[in-house]
>>> print(open('work.cif').read())   # mmCIF, C-alpha atoms and all ligand atoms
data_my_file
loop_
_atom_site.label_atom_id
_atom_site.label_comp_id
_atom_site.auth_asym_id
_atom_site.auth_seq_id
_atom_site.Cartn_x
_atom_site.Cartn_y
_atom_site.Cartn_z
CA MET A 1251 -9.40 -44.97 -16.78
CA THR A 1252 -5.91 -44.48 -18.19
CA PRO A 1253 -3.48 -47.40 -18.37
CA GLN A 1254 -1.57 -45.71 -15.54
CA THR A 1255 -4.51 -45.55 -13.18
CA LEU A 1256 -4.95 -49.27 -12.56
CA PRO A 1257 -1.50 -49.99 -11.07
CA LEU A 1258 -1.81 -46.77 -9.08
CA ILE A 1259 -5.00 -47.99 -7.45
CA SER A 1260 -3.34 -51.31 -6.54
CA LEU A 1261 -0.41 -49.45 -5.00
CA LEU A 1262 -2.70 -47.22 -2.98
CA LEU A 1263 -4.72 -50.23 -1.83
CA ALA A 1264 -1.46 -51.81 -0.67
CA GLY A 1265 -0.81 -48.66 1.39
CA MET A 1266 2.21 -47.60 -0.60
CA ALA A 1267 3.12 -44.04 -1.45
CA ALA A 1268 2.28 -42.93 -4.95
CA PRO A 1269 5.41 -42.89 -7.13
CA ALA A 1270 6.59 -39.80 -8.96
CA TRP A 1271 4.91 -40.78 -12.22
CA ALA A 1272 1.59 -41.03 -10.41
CA GLN A 1273 2.04 -37.59 -8.87
CA ALA A 1274 2.68 -36.36 -12.38
CA LEU A 1275 -0.92 -37.33 -13.15
CA ASP A 1276 -1.76 -34.10 -11.29
CA SER A 1277 -0.32 -32.13 -14.09
CA GLN A 1278 -2.12 -33.58 -17.07
CA ILE A 1279 -2.33 -30.68 -19.42
CA GLY A 1280 -5.89 -29.95 -20.43
CA ALA A 1281 -7.48 -31.66 -17.41
CA PRO A 1282 -8.83 -29.86 -14.32
CA LEU A 1283 -6.35 -29.39 -11.47
CA ARG A 1284 -6.56 -32.32 -9.08
CA PRO A 1285 -8.16 -31.14 -5.79
CA TRP A 1286 -6.02 -30.22 -2.77
CA ARG A 1287 -5.14 -33.10 -0.46
CA GLU A 1288 -4.58 -33.08 3.31
CA GLY A 1289 -0.92 -32.34 4.05
CA GLU A 1290 -0.40 -30.16 0.98
CA ILE A 1291 -0.36 -26.37 0.70
CA ASP A 1292 -2.05 -24.83 -2.33
CA ILE A 1293 -1.33 -21.16 -3.01
CA HIS A 1294 -3.71 -19.83 -5.65
CA HIS A 1295 -2.90 -16.52 -7.31
CA ILE A 1296 -6.32 -15.82 -8.77
CA ASN A 1297 -6.44 -13.68 -11.89
CA THR A 1298 -9.49 -11.46 -12.22
CA GLY A 1299 -7.52 -8.79 -14.07
CA ARG A 1300 -8.81 -6.27 -11.48
CA GLY A 1301 -6.50 -6.65 -8.50
CA GLU A 1302 -4.81 -9.24 -6.36
CA ALA A 1303 -6.44 -12.22 -4.66
CA GLN A 1304 -4.53 -15.14 -3.20
CA LEU A 1305 -6.15 -18.17 -1.61
CA LEU A 1306 -4.01 -20.40 0.55
CA ILE A 1307 -5.19 -23.83 1.60
CA LEU A 1308 -2.93 -24.93 4.43
CA PRO A 1309 -1.93 -28.52 5.36
CA ASP A 1310 -4.90 -29.24 7.65
CA GLY A 1311 -7.43 -27.52 5.40
CA THR A 1312 -7.34 -24.09 7.06
CA SER A 1313 -8.05 -21.47 4.40
CA LEU A 1314 -6.55 -17.99 4.18
CA LEU A 1315 -7.69 -15.47 1.59
CA VAL A 1316 -5.19 -12.65 1.11
CA ASP A 1317 -6.73 -9.66 -0.66
CA MET A 1318 -9.92 -9.75 -2.66
CA SER A 1319 -9.38 -8.03 -5.97
CA GLY A 1320 -12.15 -5.68 -7.01
CA LYS A 1321 -10.86 -2.48 -8.54
CA THR A 1322 -13.75 -1.02 -10.46
CA PRO A 1323 -14.72 0.24 -12.88
CA GLU A 1324 -12.49 -0.85 -15.72
CA ARG A 1325 -10.67 2.10 -17.22
CA PRO A 1326 -9.19 1.12 -20.56
CA PRO A 1327 -6.54 1.45 -21.77
CA PHE A 1328 -4.71 1.34 -18.42
CA SER A 1329 -6.66 -1.50 -16.85
CA LEU A 1330 -6.81 -5.11 -17.83
CA PRO A 1331 -10.17 -6.68 -18.67
CA THR A 1332 -12.06 -8.64 -16.04
CA ARG A 1333 -11.49 -12.40 -16.18
CA PRO A 1334 -13.22 -14.67 -17.05
CA ASP A 1335 -15.45 -11.84 -18.35
CA SER A 1336 -17.28 -8.73 -17.16
CA SER A 1337 -20.62 -10.47 -16.54
CA ARG A 1338 -19.81 -10.59 -12.81
CA ALA A 1339 -17.86 -8.35 -10.45
CA PRO A 1340 -14.30 -9.41 -9.54
CA GLY A 1341 -15.28 -10.19 -5.95
CA GLU A 1342 -17.96 -12.61 -7.06
CA TRP A 1343 -15.54 -14.33 -9.44
CA VAL A 1344 -13.12 -14.74 -6.54
CA ALA A 1345 -15.87 -16.15 -4.28
CA ARG A 1346 -16.83 -18.69 -6.93
CA TYR A 1347 -13.19 -19.70 -7.44
CA VAL A 1348 -12.66 -20.11 -3.70
CA ARG A 1349 -15.80 -22.21 -3.37
CA ARG A 1350 -14.57 -24.55 -6.12
CA VAL A 1351 -11.23 -25.28 -4.47
CA LEU A 1352 -12.02 -25.25 -0.74
CA PRO A 1353 -12.08 -28.67 0.92
CA PRO A 1354 -15.63 -30.05 0.51
CA GLU A 1355 -16.33 -29.95 4.26
CA ALA A 1356 -15.35 -26.25 4.56
CA GLU A 1357 -18.25 -23.90 5.29
CA GLY A 1358 -16.31 -20.84 4.17
CA VAL A 1359 -13.02 -19.06 4.53
CA ASP A 1360 -11.23 -19.21 7.89
CA TYR A 1361 -9.19 -16.03 7.47
CA ALA A 1362 -9.58 -13.08 5.12
CA LEU A 1363 -6.59 -10.75 5.31
CA ILE A 1364 -6.44 -7.30 3.71
CA SER A 1365 -2.83 -6.32 3.05
CA HIS A 1366 -3.65 -2.58 2.82
CA PHE A 1367 -6.55 -0.28 2.10
CA HIS A 1368 -6.52 0.09 -1.66
CA GLY A 1369 -9.40 -0.85 -3.93
CA ASP A 1370 -7.44 -3.38 -5.99
CA HIS A 1371 -6.82 -5.35 -2.77
CA MET A 1372 -10.05 -4.89 -0.82
CA GLY A 1373 -12.63 -3.88 -3.45
CA ALA A 1374 -13.20 -0.27 -4.47
CA ILE A 1375 -16.58 1.34 -3.81
CA VAL A 1376 -17.82 3.58 -6.61
CA GLU A 1377 -21.00 5.54 -7.32
CA ASP A 1378 -22.94 2.60 -8.69
CA SER A 1379 -21.62 -0.22 -6.47
CA PRO A 1380 -24.60 -2.45 -5.65
CA TRP A 1381 -26.00 -2.66 -2.12
CA ALA A 1382 -25.83 -5.76 0.05
CA ALA A 1383 -29.12 -7.57 0.66
CA ASN A 1384 -29.14 -6.06 4.18
CA ARG A 1385 -28.73 -2.49 2.75
CA ALA A 1386 -26.06 -1.81 5.39
CA TYR A 1387 -23.11 -1.49 2.96
CA ARG A 1388 -22.21 -1.77 -0.69
CA LEU A 1389 -20.63 -4.71 -2.48
CA SER A 1390 -17.14 -4.88 -3.92
CA GLY A 1391 -14.19 -7.10 -3.17
CA ILE A 1392 -14.35 -8.41 0.41
CA THR A 1393 -17.91 -7.27 1.04
CA ASP A 1394 -19.02 -8.93 -2.21
CA ILE A 1395 -17.19 -12.16 -1.36
CA ALA A 1396 -18.86 -12.27 2.07
CA GLU A 1397 -22.22 -12.06 0.30
CA HIS A 1398 -21.43 -15.42 -1.34
CA LEU A 1399 -19.16 -17.15 1.15
CA PRO A 1400 -18.97 -17.09 4.97
CA ILE A 1401 -15.80 -15.55 6.43
CA ALA A 1402 -14.85 -16.51 10.00
CA LYS A 1403 -12.18 -13.90 10.75
CA VAL A 1404 -10.94 -10.73 9.07
CA ILE A 1405 -7.43 -9.45 9.69
CA ASP A 1406 -6.24 -6.02 8.61
CA ARG A 1407 -3.62 -3.48 9.60
CA ALA A 1408 -5.78 -0.97 11.47
CA TRP A 1409 -8.70 -2.56 13.38
CA PRO A 1410 -10.43 -1.12 15.36
CA ASP A 1411 -9.36 2.52 15.18
CA TYR A 1412 -8.33 3.03 11.55
CA ASP A 1413 -6.26 6.04 12.51
CA TYR A 1414 -2.67 5.23 11.54
CA PRO A 1415 -0.86 7.21 10.34
CA ARG A 1416 -3.93 9.48 9.99
CA PRO A 1417 -7.64 8.74 10.18
CA ILE A 1418 -8.48 6.52 7.21
CA ALA A 1419 -11.83 7.64 5.87
CA ASP A 1420 -12.44 7.31 2.15
CA ARG A 1421 -15.59 5.87 0.61
CA THR A 1422 -14.08 2.37 0.30
CA VAL A 1423 -12.81 2.19 3.88
CA ASN A 1424 -15.99 3.74 5.32
CA ASN A 1425 -18.02 1.09 3.53
CA TYR A 1426 -15.69 -1.65 4.76
CA ARG A 1427 -16.11 -0.44 8.34
CA ALA A 1428 -19.87 -0.48 7.96
CA PHE A 1429 -19.50 -4.06 6.71
CA LEU A 1430 -17.39 -5.04 9.74
CA ALA A 1431 -19.84 -3.37 12.12
CA TRP A 1432 -22.82 -5.21 10.65
CA GLN A 1433 -21.08 -8.57 10.31
CA THR A 1434 -19.59 -8.58 13.82
CA GLN A 1435 -23.01 -7.76 15.23
CA HIS A 1436 -25.11 -10.14 13.15
CA THR A 1437 -22.94 -13.06 12.05
CA GLY A 1438 -20.28 -13.35 14.75
CA LEU A 1439 -17.51 -12.31 12.36
CA GLU A 1440 -14.24 -11.85 14.25
CA VAL A 1441 -11.83 -9.03 13.36
CA GLU A 1442 -8.22 -8.60 14.46
CA ARG A 1443 -5.40 -6.22 13.78
CA PHE A 1444 -2.35 -7.91 12.24
CA GLN A 1445 0.46 -7.97 14.77
CA PRO A 1446 4.01 -7.99 13.36
CA GLY A 1447 6.44 -10.38 15.03
CA ARG A 1448 3.91 -12.98 16.06
CA ALA A 1449 3.90 -16.56 14.79
CA ASP A 1450 0.65 -17.49 16.53
CA GLN A 1451 -1.91 -15.19 14.95
CA LEU A 1452 -2.38 -17.02 11.64
CA VAL A 1453 -2.50 -20.64 12.75
CA LEU A 1454 -3.78 -24.00 11.58
CA LYS A 1455 -7.31 -24.23 12.94
CA TYR A 1456 -8.09 -27.90 12.57
CA ASP A 1457 -5.07 -30.14 13.13
CA ALA A 1458 -2.07 -28.02 14.08
CA ARG A 1459 -0.45 -30.78 16.14
CA VAL A 1460 -0.05 -32.97 13.06
CA TYR A 1461 2.02 -30.28 11.32
CA PRO A 1462 4.58 -28.90 13.79
CA GLN A 1463 6.84 -27.99 10.87
CA PHE A 1464 4.26 -25.44 9.63
CA GLN A 1465 4.38 -21.78 10.67
CA ILE A 1466 3.24 -18.35 9.54
CA ARG A 1467 5.51 -15.59 10.81
CA ASN A 1468 4.11 -12.06 10.78
CA LEU A 1469 6.94 -9.94 9.38
CA TYR A 1470 5.73 -6.40 8.92
CA ALA A 1471 2.91 -3.85 8.84
CA ASN A 1472 2.55 -0.13 9.62
CA GLY A 1473 6.30 0.42 9.75
CA VAL A 1474 6.74 -2.24 12.46
CA LEU A 1475 9.23 -4.97 11.56
CA TRP A 1476 10.03 -8.33 13.12
CA THR A 1477 13.63 -8.31 14.45
CA GLY A 1478 14.21 -12.03 13.97
CA GLN A 1479 14.46 -12.52 17.76
CA GLY A 1480 11.47 -14.22 19.35
CA ASP A 1481 8.39 -12.12 18.65
CA ALA A 1482 10.26 -8.81 19.06
CA THR A 1483 9.72 -5.91 16.66
CA ARG A 1484 11.15 -2.48 15.97
CA ASN A 1485 9.58 0.62 14.50
CA LEU A 1486 11.11 1.82 11.24
CA PHE A 1487 9.21 5.10 11.12
CA PRO A 1488 9.71 8.13 13.34
CA PRO A 1489 6.68 9.53 15.22
CA VAL A 1490 3.95 10.73 12.86
CA GLU A 1491 4.12 14.31 14.13
CA THR A 1492 7.70 14.61 12.88
CA TRP A 1493 6.85 13.66 9.28
CA PRO A 1494 7.27 16.50 6.78
CA GLU A 1495 3.87 17.72 5.62
CA ASP A 1496 4.77 17.42 1.96
CA ASP A 1497 6.50 14.06 2.14
CA GLN A 1498 4.37 11.34 3.67
CA PRO A 1499 4.68 7.62 2.99
CA ASP A 1500 1.78 6.27 0.95
CA GLU A 1501 -0.57 3.45 1.93
CA ASN A 1502 1.53 0.85 0.10
CA LYS A 1503 4.35 1.20 2.61
CA PHE A 1504 2.06 0.08 5.44
CA SER A 1505 1.23 -3.22 3.71
CA ILE A 1506 1.11 -6.43 5.70
CA ALA A 1507 3.90 -8.94 4.94
CA PHE A 1508 4.27 -12.49 6.23
CA ARG A 1509 6.22 -15.68 5.60
CA ILE A 1510 4.90 -19.20 5.40
CA SER A 1511 7.26 -22.00 6.36
CA TYR A 1512 6.55 -25.70 5.91
CA GLY A 1513 9.61 -27.85 6.62
CA PRO A 1514 12.23 -26.53 4.18
CA PHE A 1515 9.68 -24.59 2.08
CA ASP A 1516 9.32 -20.82 2.53
CA TYR A 1517 6.96 -18.38 0.79
CA PHE A 1518 6.76 -14.59 1.04
CA THR A 1519 3.85 -12.25 0.39
CA GLY A 1520 3.85 -8.52 1.12
CA GLY A 1521 1.00 -6.66 -0.57
CA ASP A 1522 2.16 -3.50 -2.33
CA LEU A 1523 5.33 -2.87 -0.35
CA SER A 1524 7.79 -0.70 -2.23
CA SER A 1525 11.32 0.61 -2.06
CA ILE A 1526 12.28 3.16 -4.53
CA ASN A 1527 11.37 6.78 -4.59
CA GLU A 1528 13.75 8.17 -7.16
CA GLU A 1529 12.55 11.76 -6.75
CA THR A 1530 13.74 11.82 -3.16
CA ALA A 1531 16.75 9.55 -3.59
CA LEU A 1532 19.19 12.36 -2.76
CA ALA A 1533 17.58 13.00 0.61
CA PRO A 1534 15.56 9.93 1.41
CA PRO A 1535 13.13 10.09 4.32
CA ALA A 1536 13.38 7.42 6.98
CA TRP A 1537 10.55 5.38 5.44
CA GLY A 1538 11.90 5.49 1.90
CA ASP A 1539 13.29 2.01 1.73
CA VAL A 1540 11.07 -0.38 3.63
CA GLU A 1541 11.30 -3.31 1.25
CA PRO A 1542 14.92 -4.47 1.76
CA LEU A 1543 14.48 -4.51 5.54
CA VAL A 1544 11.39 -6.69 5.19
CA GLY A 1545 13.31 -8.91 2.77
CA HIS A 1546 16.11 -9.41 5.29
CA ALA A 1547 13.58 -10.26 7.99
CA ALA A 1548 12.03 -12.88 5.70
CA GLY A 1549 15.36 -14.40 4.63
CA PRO A 1550 15.71 -16.55 1.51
CA VAL A 1551 12.48 -18.10 0.26
CA ASP A 1552 11.55 -20.69 -2.33
CA ALA A 1553 8.65 -18.73 -3.76
CA MET A 1554 7.12 -15.28 -3.46
CA LYS A 1555 4.41 -13.03 -4.73
CA ALA A 1556 6.04 -9.96 -6.26
CA ASN A 1557 5.31 -6.74 -4.40
CA HIS A 1558 3.04 -4.10 -5.95
CA HIS A 1559 2.16 -6.04 -9.10
CA GLY A 1560 5.77 -5.80 -10.31
CA SER A 1561 5.55 -2.00 -10.52
CA TRP A 1562 8.60 0.17 -11.16
CA ASP A 1563 9.00 1.19 -7.51
CA SER A 1564 9.02 -2.29 -6.01
CA ASN A 1565 11.05 -5.51 -5.90
CA SER A 1566 14.32 -3.62 -5.53
CA ILE A 1567 17.73 -5.22 -5.94
CA PRO A 1568 18.51 -5.54 -2.19
CA PHE A 1569 15.02 -6.91 -1.55
CA LEU A 1570 15.34 -9.58 -4.25
CA ALA A 1571 18.91 -10.38 -3.21
CA ALA A 1572 17.65 -11.08 0.32
CA LEU A 1573 14.80 -13.34 -0.83
CA ARG A 1574 16.58 -15.14 -3.74
CA PRO A 1575 13.35 -16.83 -4.87
CA ARG A 1576 13.24 -19.85 -7.16
CA VAL A 1577 9.68 -18.95 -8.19
CA ILE A 1578 8.08 -15.49 -8.47
CA VAL A 1579 4.41 -14.85 -9.17
CA ILE A 1580 3.39 -11.38 -10.36
CA GLY A 1581 -0.28 -10.51 -9.91
CA SER A 1582 -0.92 -7.86 -12.55
CA ARG A 1583 -3.95 -5.67 -13.12
CA ALA A 1584 -2.84 -2.87 -15.47
CA ASP A 1585 -0.46 -1.80 -18.20
CA GLY A 1586 3.04 -1.57 -16.79
CA HIS A 1587 2.66 -4.70 -14.65
CA PRO A 1588 5.45 -5.68 -14.59
CA SER A 1589 7.59 -2.73 -15.58
CA VAL A 1590 10.73 -3.09 -17.63
CA ASN A 1591 13.17 -2.10 -14.88
CA THR A 1592 11.56 -4.48 -12.37
CA TRP A 1593 11.65 -7.24 -14.95
CA ARG A 1594 15.36 -6.68 -15.53
CA ARG A 1595 16.07 -6.86 -11.78
CA MET A 1596 14.08 -10.06 -11.44
CA THR A 1597 15.74 -11.79 -14.36
CA SER A 1598 19.34 -10.71 -13.70
CA ARG A 1599 21.67 -13.34 -12.28
CA ARG A 1600 23.81 -10.51 -10.96
CA VAL A 1601 21.07 -9.75 -8.44
CA TRP A 1602 21.09 -13.31 -7.17
CA PRO A 1603 22.59 -16.45 -8.68
CA GLY A 1604 20.79 -19.52 -9.95
CA ASP A 1605 17.67 -20.31 -11.90
CA ARG A 1606 14.31 -18.64 -11.31
CA ASP A 1607 10.94 -19.13 -12.93
CA ILE A 1608 8.64 -16.11 -13.17
CA PHE A 1609 4.89 -16.31 -13.72
CA VAL A 1610 2.66 -13.34 -14.51
CA THR A 1611 -1.11 -13.69 -14.13
CA ASN A 1612 -1.85 -11.32 -17.02
CA VAL A 1613 0.20 -9.20 -19.42
CA SER A 1614 -1.34 -6.57 -21.66
CA THR A 1615 -0.22 -6.07 -25.25
CA ALA A 1616 1.34 -2.74 -24.27
CA THR A 1617 3.29 -4.35 -21.42
CA ALA A 1618 4.41 -7.23 -23.62
CA THR A 1619 5.85 -4.63 -25.99
CA THR A 1620 7.44 -2.31 -23.46
CA THR A 1621 8.68 -4.87 -20.93
CA TYR A 1622 10.94 -6.29 -23.55
CA GLY A 1623 12.05 -9.88 -23.18
CA ILE A 1624 9.01 -10.87 -21.12
CA ALA A 1625 7.43 -12.99 -23.85
CA GLU A 1626 10.54 -15.18 -24.04
CA THR A 1627 11.54 -15.14 -20.35
CA ALA A 1628 8.28 -15.50 -18.43
CA LYS A 1629 7.03 -19.04 -17.85
CA SER A 1630 3.50 -17.77 -18.23
CA THR A 1631 1.82 -14.47 -19.06
CA GLN A 1632 -1.85 -15.43 -18.67
CA GLY A 1633 -3.85 -17.45 -16.16
CA HIS A 1634 -4.28 -18.32 -12.50
CA VAL A 1635 -0.99 -19.51 -10.97
CA VAL A 1636 -1.14 -22.27 -8.35
CA ILE A 1637 1.85 -23.25 -6.23
CA ARG A 1638 1.25 -26.73 -4.81
CA VAL A 1639 3.59 -27.69 -1.97
CA ASP A 1640 3.93 -31.42 -1.38
CA GLU A 1641 3.29 -32.88 2.09
CA GLY A 1642 6.14 -31.93 4.44
CA GLY A 1643 7.32 -29.10 2.17
CA ALA A 1644 10.32 -30.78 0.55
CA SER A 1645 9.13 -30.02 -2.98
CA PHE A 1646 6.56 -28.00 -4.86
CA ARG A 1647 5.14 -27.54 -8.32
CA VAL A 1648 3.50 -24.71 -10.23
CA PHE A 1649 0.37 -24.99 -12.35
CA VAL A 1650 -1.00 -22.37 -14.70
CA LEU A 1651 -4.77 -22.60 -15.02
CA ASP A 1652 -6.97 -21.29 -17.78
CA ASP A 1653 -8.69 -18.09 -16.63
CA ALA A 1654 -11.14 -17.75 -19.52
CA THR A 1655 -13.53 -20.28 -17.99
CA GLU A 1656 -14.26 -21.78 -14.56
CA ASP A 1657 -13.06 -25.24 -15.61
CA MET A 1658 -9.79 -25.07 -13.60
CA ARG A 1659 -8.07 -26.53 -16.64
CA VAL A 1660 -4.30 -26.91 -16.38
CA ASN A 1661 -2.62 -25.12 -19.29
CA ALA A 1662 0.94 -25.72 -18.13
CA ALA A 1663 2.80 -27.42 -15.28
CA PHE A 1664 6.30 -26.81 -13.88
CA GLY A 1665 8.53 -28.58 -11.38
CA PRO A 1666 8.89 -30.38 -9.11
CA TYR A 1667 11.18 -27.83 -7.49
CA LEU A 1668 13.18 -28.89 -4.44
CA SER A 1669 12.74 -26.59 -1.44
CA ARG A 1670 15.98 -25.17 -0.06
ZN ZN B 1701 -2.19 -2.96 -5.61
#
>>> encode(input="work.cif", output="structure tokens")
Amino acid sequence: MTPQTLPLISLLLAGMAAPAWAQALDSQIGAPLRPWREGEIDIHHINTGRGEAQLLILPDGTSLLVDMSGKTPERPPFSLPTRPDSSRAPGEWVARYVRRVLPPEAEGVDYALISHFHGDHMGAIVEDSPWAANRAYRLSGITDIAEHLPIAKVIDRAWPDYDYPRPIADRTVNNYRAFLAWQTQHTGLEVERFQPGRADQLVLKYDARVYPQFQIRNLYANGVLWTGQGDATRNLFPPVETWPEDDQPDENKFSIAFRISYGPFDYFTGGDLSSINEETALAPPAWGDVEPLVGHAAGPVDAMKANHHGSWDSNSIPFLAALRPRVIVIGSRADGHPSVNTWRRMTSRRVWPGDRDIFVTNVSTATATTTYGIAETAKSTQGHVVIRVDEGGASFRVFVLDDATEDMRVNAAFGPYLSR
């Protein structure tokens, strides 16, 4: 027991709120992260090196997993190594991480949301992907996680038809659909299509009435954008049949985006949304610049996950100027994450004024060299990044956890930041 602990216990016994110095005990460098508490939001940006995976634990304990990592196999030199190591697949590492931080009474994950159908977000299926115990589908990413951890509901952009803008039928998606078919039939798994505009699809499952100041607003998917009025939406894309054969938007531009609000705190996440297509800048197609419109729908936020791993074609100036984040987390999985031009946009006070702290889950040696300035400017370039929002949302902190082991050890702590 530290000298600080004894008076803290007396205060808590007397029913008094813990003072700031006691909250700072959370952030003892070298100790495991203190578990989530009722009323807080924890947003874990889990680094497996192989794709994105975010776990959100909401104020009443509802859990929301956004993307499930799992790009395989490693392809050096362009890919980052699997963290903690390559003895397990990325999906299994994510499942183990989630199990460690879920509230003890949780049986599994309440929501698993796939932002878009790419292997680094849902788990790529390759020639030698192992089979599930039931032999009905192979294991990678979400299907691997479900092998280790119950999932109550899956949300994606295309259930049940998987036909927008064209039939989606690669090996990874076919396997995923086999997984959904088996799970809905045998385990009672629920599946829904994400519906832009709504604020009642991703909800607190256990004690929503206690947290009326909490909301998740569905902003965008499939070219459909929330207008800011009620639940109304508008379609940014013209009808599919009018799209030029040789100039089609890629899967990234259909990514799901949503905003979490908790009192004054706001957080944005939007998969691999992108803006810039410099080759067609002189005659941009209607879908060329999705990102800024989504940014305006979100409005200013306190924190965000960078789009598309901080790639060159994402996190454009108008998008960042609309969001004006105090904290940015970049989930990287390859060389070039983040790219030098994206890094310059994110760090420039001409894009938006004020301070900002930027955290990257992983930076390769090549990226550290080419994205010049990142070593000095980033708050972190290695490790899981956890945003912990205090009860009510007035303030939040950021913890960087060691990703070489499963100890959840805090390597660095930042904040508190005041929500705006
Ligand atoms: Zn991606």
>>> closest_residue(input="work.cif", among="A:Gln1433, A:Asn1557, A:Thr1422, A:Thr1519", to="ligand ZN 1701 (chain B)", atoms="only C-alpha atoms and all ligand atoms")
A:Asn1557
>>> closest_atom_pairs(input="work.cif", of="chain A", to="ligand ZN 1701 (chain B)", cutoff="9 Å", atoms="all atoms listed in the file", output="Markdown table")
| residue | atom | partner | partner_atom | distance |
| --- | --- | --- | --- | --- |
| A:Gly1301 | CA | B:ZN1701 | ZN | 6.4 |
| A:Glu1302 | CA | B:ZN1701 | ZN | 6.8 |
| A:Ser1319 | CA | B:ZN1701 | ZN | 8.8 |
| A:His1366 | CA | B:ZN1701 | ZN | 8.6 |
| A:His1368 | CA | B:ZN1701 | ZN | 6.6 |
| A:Gly1369 | CA | B:ZN1701 | ZN | 7.7 |
| A:Asp1370 | CA | B:ZN1701 | ZN | 5.3 |
| A:His1371 | CA | B:ZN1701 | ZN | 5.9 |
| A:Asn1502 | CA | B:ZN1701 | ZN | 7.8 |
| A:Gly1521 | CA | B:ZN1701 | ZN | 7.0 |
| A:Asp1522 | CA | B:ZN1701 | ZN | 5.5 |
| A:Asn1557 | CA | B:ZN1701 | ZN | 8.5 |
| A:His1558 | CA | B:ZN1701 | ZN | 5.4 |
| A:His1559 | CA | B:ZN1701 | ZN | 6.4 |
| A:Gly1581 | CA | B:ZN1701 | ZN | 8.9 |
| A:Ser1582 | CA | B:ZN1701 | ZN | 8.6 |
| A:Arg1583 | CA | B:ZN1701 | ZN | 8.2 |
>>> write_last_selection(input="work.cif", atoms="C-alpha atoms", output="CSV table (one decimal), keeping the file's coordinate frame")
chain,number,residue,atom,x,y,z
A,1301,GLY,CA,-6.5,-6.6,-8.5
A,1302,GLU,CA,-4.8,-9.2,-6.4
A,1319,SER,CA,-9.4,-8.0,-6.0
A,1366,HIS,CA,-3.6,-2.6,2.8
A,1368,HIS,CA,-6.5,0.1,-1.7
A,1369,GLY,CA,-9.4,-0.8,-3.9
A,1370,ASP,CA,-7.4,-3.4,-6.0
A,1371,HIS,CA,-6.8,-5.4,-2.8
A,1502,ASN,CA,1.5,0.8,0.1
A,1521,GLY,CA,1.0,-6.7,-0.6
A,1522,ASP,CA,2.2,-3.5,-2.3
A,1557,ASN,CA,5.3,-6.7,-4.4
A,1558,HIS,CA,3.0,-4.1,-6.0
A,1559,HIS,CA,2.2,-6.0,-9.1
A,1581,GLY,CA,-0.3,-10.5,-9.9
A,1582,SER,CA,-0.9,-7.9,-12.6
A,1583,ARG,CA,-4.0,-5.7,-13.1
>>> atom_distance(input="work.cif", atom1="CA of Gln1463 in chain A", atom2="CA of Gly1545 in chain A")
21.7 Å
>>> residues_near_point(input="work.cif", point="(-3.1, -3.2, 8.2)", cutoff="7 Å", atoms="all atoms listed in the file", output="list in words")
Ile1364, Ser1365, His1366, Asp1406, Arg1407, Ala1408, Arg1443, Phe1444, Ala1471, Asn1472, Phe1504, Ser1505 and Ile1506 of chain A
>>> atom_distance(input="work.cif", atom1="CA of Gly1642 in chain A", atom2="CA of Val1404 in chain A")
27.6 Å
>>> closest_residue(input="work.cif", among="A:Pro1542, A:Gly1478, A:Pro1400, A:Pro1550", to="Val1359 in chain A", atoms="only C-alpha atoms")
A:Pro1400
>>> closest_residue(input="work.cif", among="A:Gly1633, A:Val1648, A:Thr1619, A:Gly1513", to="Val1577 in chain A", atoms="only C-alpha atoms")
A:Val1648
>>> atom_distance(input="work.cif", atom1="CA of Ala1345 in chain A", atom2="CA of Glu1440 in chain A")
19.1 Å
>>> residues_around(input="work.cif", residues="Tyr1622 in chain A", least_positions_apart="3", cutoff="12 Å", atoms="all atoms listed in the file", output="list of chain:residue names")
A:Gly1586, A:Pro1588, A:Ser1589, A:Val1590, A:Asn1591, A:Thr1592, A:Trp1593, A:Arg1594, A:Thr1597, A:Val1613, A:Thr1615, A:Ala1616, A:Thr1617, A:Ala1618, A:Thr1619, A:Ala1625, A:Glu1626, A:Thr1627, A:Ala1628
>>> residues_around(input="work.cif", residues="Arg1346 in chain A", least_positions_apart="5", cutoff="12 Å", atoms="only C-alpha atoms", output="number ranges by chain")
A: 1296, 1298, 1305, 1334, 1338-1341, 1351-1352, 1358, 1394-1399, 1655-1658
>>> write_last_selection(input="work.cif", atoms="C-alpha atoms", output="CSV table (one decimal), in the frame of the given file")
chain,number,residue,atom,x,y,z
A,1296,ILE,CA,-6.3,-15.8,-8.8
A,1298,THR,CA,-9.5,-11.5,-12.2
A,1305,LEU,CA,-6.2,-18.2,-1.6
A,1334,PRO,CA,-13.2,-14.7,-17.0
A,1338,ARG,CA,-19.8,-10.6,-12.8
A,1339,ALA,CA,-17.9,-8.4,-10.4
A,1340,PRO,CA,-14.3,-9.4,-9.5
A,1341,GLY,CA,-15.3,-10.2,-6.0
A,1351,VAL,CA,-11.2,-25.3,-4.5
A,1352,LEU,CA,-12.0,-25.2,-0.7
A,1358,GLY,CA,-16.3,-20.8,4.2
A,1394,ASP,CA,-19.0,-8.9,-2.2
A,1395,ILE,CA,-17.2,-12.2,-1.4
A,1396,ALA,CA,-18.9,-12.3,2.1
A,1397,GLU,CA,-22.2,-12.1,0.3
A,1398,HIS,CA,-21.4,-15.4,-1.3
A,1399,LEU,CA,-19.2,-17.2,1.2
A,1655,THR,CA,-13.5,-20.3,-18.0
A,1656,GLU,CA,-14.3,-21.8,-14.6
A,1657,ASP,CA,-13.1,-25.2,-15.6
A,1658,MET,CA,-9.8,-25.1,-13.6
>>> closest_residue(input="work.cif", among="A:Asp1500, A:Gly1560, A:Phe1646, A:Ala1507", to="Trp1476 in chain A", atoms="only C-alpha atoms")
A:Ala1507
